[in-house]
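Report on the structure given below.
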Amino acid sequence: MQSSSASVRGEIVIRRAVARDAKRLTRLVRGSRAYEGPYAAMVSDYRVGPDYIESHQVFVAVDAEDATDRVLGFYALLLAPAELDLLFVQDGTQGRGIGRLLVDHMKSRARAAGLDRVRVVSHPPAEGFYRAVGALPTGTARANPPAVAWDRPVLEFPIP
C-alpha cells in the first residue's frame, strides 16, 4: 500500500510499515550515530516490535528503485495523545530531504486524523532539525534517570 510518494534524488515512497519491517526499524534505531556516546544507553535495548507497528501509525520511507525495499527512514505518529514518537533517517542518507518528507507526511496524517498539533520530545541533537521543519519550542522534558539522563527539548508542530 503506497500512501505518498515524492521525488528526492530518485523515487522515495512512503508506505505504511508492516510487521516484517520491525527488525529493520529496530536496527535503524540502535545503529543511529545520533545515539553514540552518552546517548547510546537509551537505544541499546530499544525494540520496534510488530505489536508497536500494528497499534500505531508507523510509516517508512523506501527507495522505490531499490529491489530490496531498503528502509531509508521512518516515523511513528501516536494519535492519543498526539505525539511524534519516533523519527529516524538512516545514517548516510541524511541531508537528502528524507526527514523533511517524513515530517510532511506525518503532518498530512495528523491533519487527516483531525489533530491541530503534534508534540515531539526531541533528542537534543535533533532539535535544530525539528525547528527547521516547523516545530515550535514549548518547554523541556526533565531527565528521568536511568532511562534518560539528560533534559530534552519539547516542541510542537502546528497542524493547519
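Residue numbers start at 1 in each chain; chains themselves are named A, B, ... in the order of the C-alpha cells; ligands are numbered from 1 in the order shown.
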Query raised in the report: Hey, what's within 8 Å of Ala141 (chain A) if we count only C-alpha atoms and toss same-chain stuff fewer than 4 positions away? As JSON, numbers by chain, please?
Result: {"A": [121, 151, 152, 153, 154]}
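Residues surrounding Thr93 (chain A) within 12 Å are Val8, Arg9, Ile12, Leu28, Ser32, Ala61, Val62, Asp63, Arg70, Val71, Leu72, Gly73, Phe88, Val89, Gln90, Arg96, Gly97, Ile98 and Gly99 of chain A [only C-alpha atoms; sequence separation below 3 positions excluded].
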Next, dump the selected residues to file, keeping only N, CA, C and O atoms, as a short mmCIF file (atom, residue, chain, number, x, y, z; two decimals), in the first residue's frame.
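Once written, part-v2.cif looks like this:
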data_model
loop_
_atom_site.label_atom_id
_atom_site.label_comp_id
_atom_site.auth_asym_id
_atom_site.auth_seq_id
_atom_site.Cartn_x
_atom_site.Cartn_y
_atom_site.Cartn_z
N VAL A 8 12.98 12.62 -4.35
CA VAL A 8 14.08 13.17 -3.57
C VAL A 8 15.32 12.42 -4.04
O VAL A 8 15.65 11.36 -3.53
N ARG A 9 15.99 12.94 -5.08
CA ARG A 9 17.13 12.23 -5.69
C ARG A 9 16.76 10.78 -6.00
O ARG A 9 17.30 9.84 -5.45
N ILE A 12 11.41 8.24 -3.80
CA ILE A 12 11.23 7.82 -2.42
C ILE A 12 9.74 7.61 -2.21
O ILE A 12 8.93 8.49 -2.53
N LEU A 28 17.78 0.22 12.66
CA LEU A 28 17.98 1.63 12.33
C LEU A 28 18.09 2.46 13.61
O LEU A 28 18.98 3.30 13.74
N SER A 32 21.83 4.12 14.99
CA SER A 32 21.90 5.54 14.67
C SER A 32 23.10 6.22 15.33
O SER A 32 23.28 6.13 16.54
N ALA A 61 10.01 5.26 4.80
CA ALA A 61 10.44 5.79 3.50
C ALA A 61 11.36 4.75 2.88
O ALA A 61 12.32 4.31 3.53
N VAL A 62 11.06 4.36 1.66
CA VAL A 62 11.88 3.38 0.96
C VAL A 62 12.26 3.92 -0.41
O VAL A 62 11.56 4.77 -0.97
N ASP A 63 13.36 3.43 -0.92
CA ASP A 63 13.81 3.79 -2.26
C ASP A 63 13.11 2.87 -3.24
O ASP A 63 13.36 1.66 -3.27
N ARG A 70 14.82 -1.27 0.76
CA ARG A 70 15.64 -0.75 1.85
C ARG A 70 14.97 0.44 2.52
O ARG A 70 14.53 1.38 1.86
N VAL A 71 14.87 0.38 3.84
CA VAL A 71 14.26 1.45 4.62
C VAL A 71 15.27 2.58 4.77
O VAL A 71 16.38 2.39 5.27
N LEU A 72 14.87 3.79 4.33
CA LEU A 72 15.73 4.97 4.43
C LEU A 72 15.41 5.78 5.67
O LEU A 72 16.24 6.58 6.13
N GLY A 73 14.23 5.60 6.21
CA GLY A 73 13.81 6.31 7.41
C GLY A 73 12.40 5.90 7.77
O GLY A 73 11.73 5.20 7.02
N PHE A 88 13.41 8.60 12.52
CA PHE A 88 14.79 8.27 12.25
C PHE A 88 15.03 8.25 10.75
O PHE A 88 14.17 7.80 9.99
N VAL A 89 16.20 8.72 10.35
CA VAL A 89 16.65 8.63 8.96
C VAL A 89 17.98 7.88 8.99
O VAL A 89 18.85 8.15 9.82
N GLN A 90 18.10 6.92 8.09
CA GLN A 90 19.29 6.08 8.00
C GLN A 90 20.55 6.92 7.88
O GLN A 90 20.60 7.85 7.08
N ARG A 96 19.34 14.50 2.48
CA ARG A 96 18.72 14.35 1.16
C ARG A 96 17.25 14.76 1.15
O ARG A 96 16.58 14.59 0.15
N GLY A 97 16.75 15.24 2.27
CA GLY A 97 15.35 15.65 2.33
C GLY A 97 14.40 14.58 2.80
O GLY A 97 13.18 14.79 2.82
N ILE A 98 14.90 13.42 3.21
CA ILE A 98 14.04 12.32 3.63
C ILE A 98 13.33 12.66 4.94
O ILE A 98 12.13 12.41 5.09
N GLY A 99 14.05 13.26 5.89
CA GLY A 99 13.43 13.65 7.15
C GLY A 99 12.30 14.65 6.94
O GLY A 99 11.22 14.53 7.51
#
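The helix (DSSP H, G or I) portion of region 1-95 of chain A consists of Ala19, Arg20, Asp21, Ala22, Lys23, Arg24, Leu25, Thr26, Arg27, Leu28, Val29, Arg30, Gly31, Arg33, Ala34, Tyr35, Gly37, Pro38, Tyr39, Ala40, Ala41, Met42, Val43, Pro50, Asp51, Tyr52, Ile53, Glu54 and Ser55 of chain A, with states taken from DSSP on the backbone.
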Report task. Identify which of the residues A:Gly92, A:Pro50, A:Pro160, A:Gly134 lies closest to Arg24 (chain A), counting only C-alpha atoms when measuring atom-to-atom distances. Result -> A:Pro50
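When only C-alpha atoms are used to compute distances to Val120 (chain A), the closest of the residues A:Val148, A:Ala143, A:Ala17, A:Ala82 turns out to be A:Ala82.
Of the listed residues (A:Gly49, A:Pro38, A:Gly114, A:Gly95), A:Pro38 comes nearest to Ala147 (chain A); the distances count only C-alpha atoms.
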Query - Residue nearest Pro124 (chain A) among A:Leu102, A:Tyr39, A:Leu25, A:Ala80 (counting only C-alpha atoms) - result: A:Tyr39
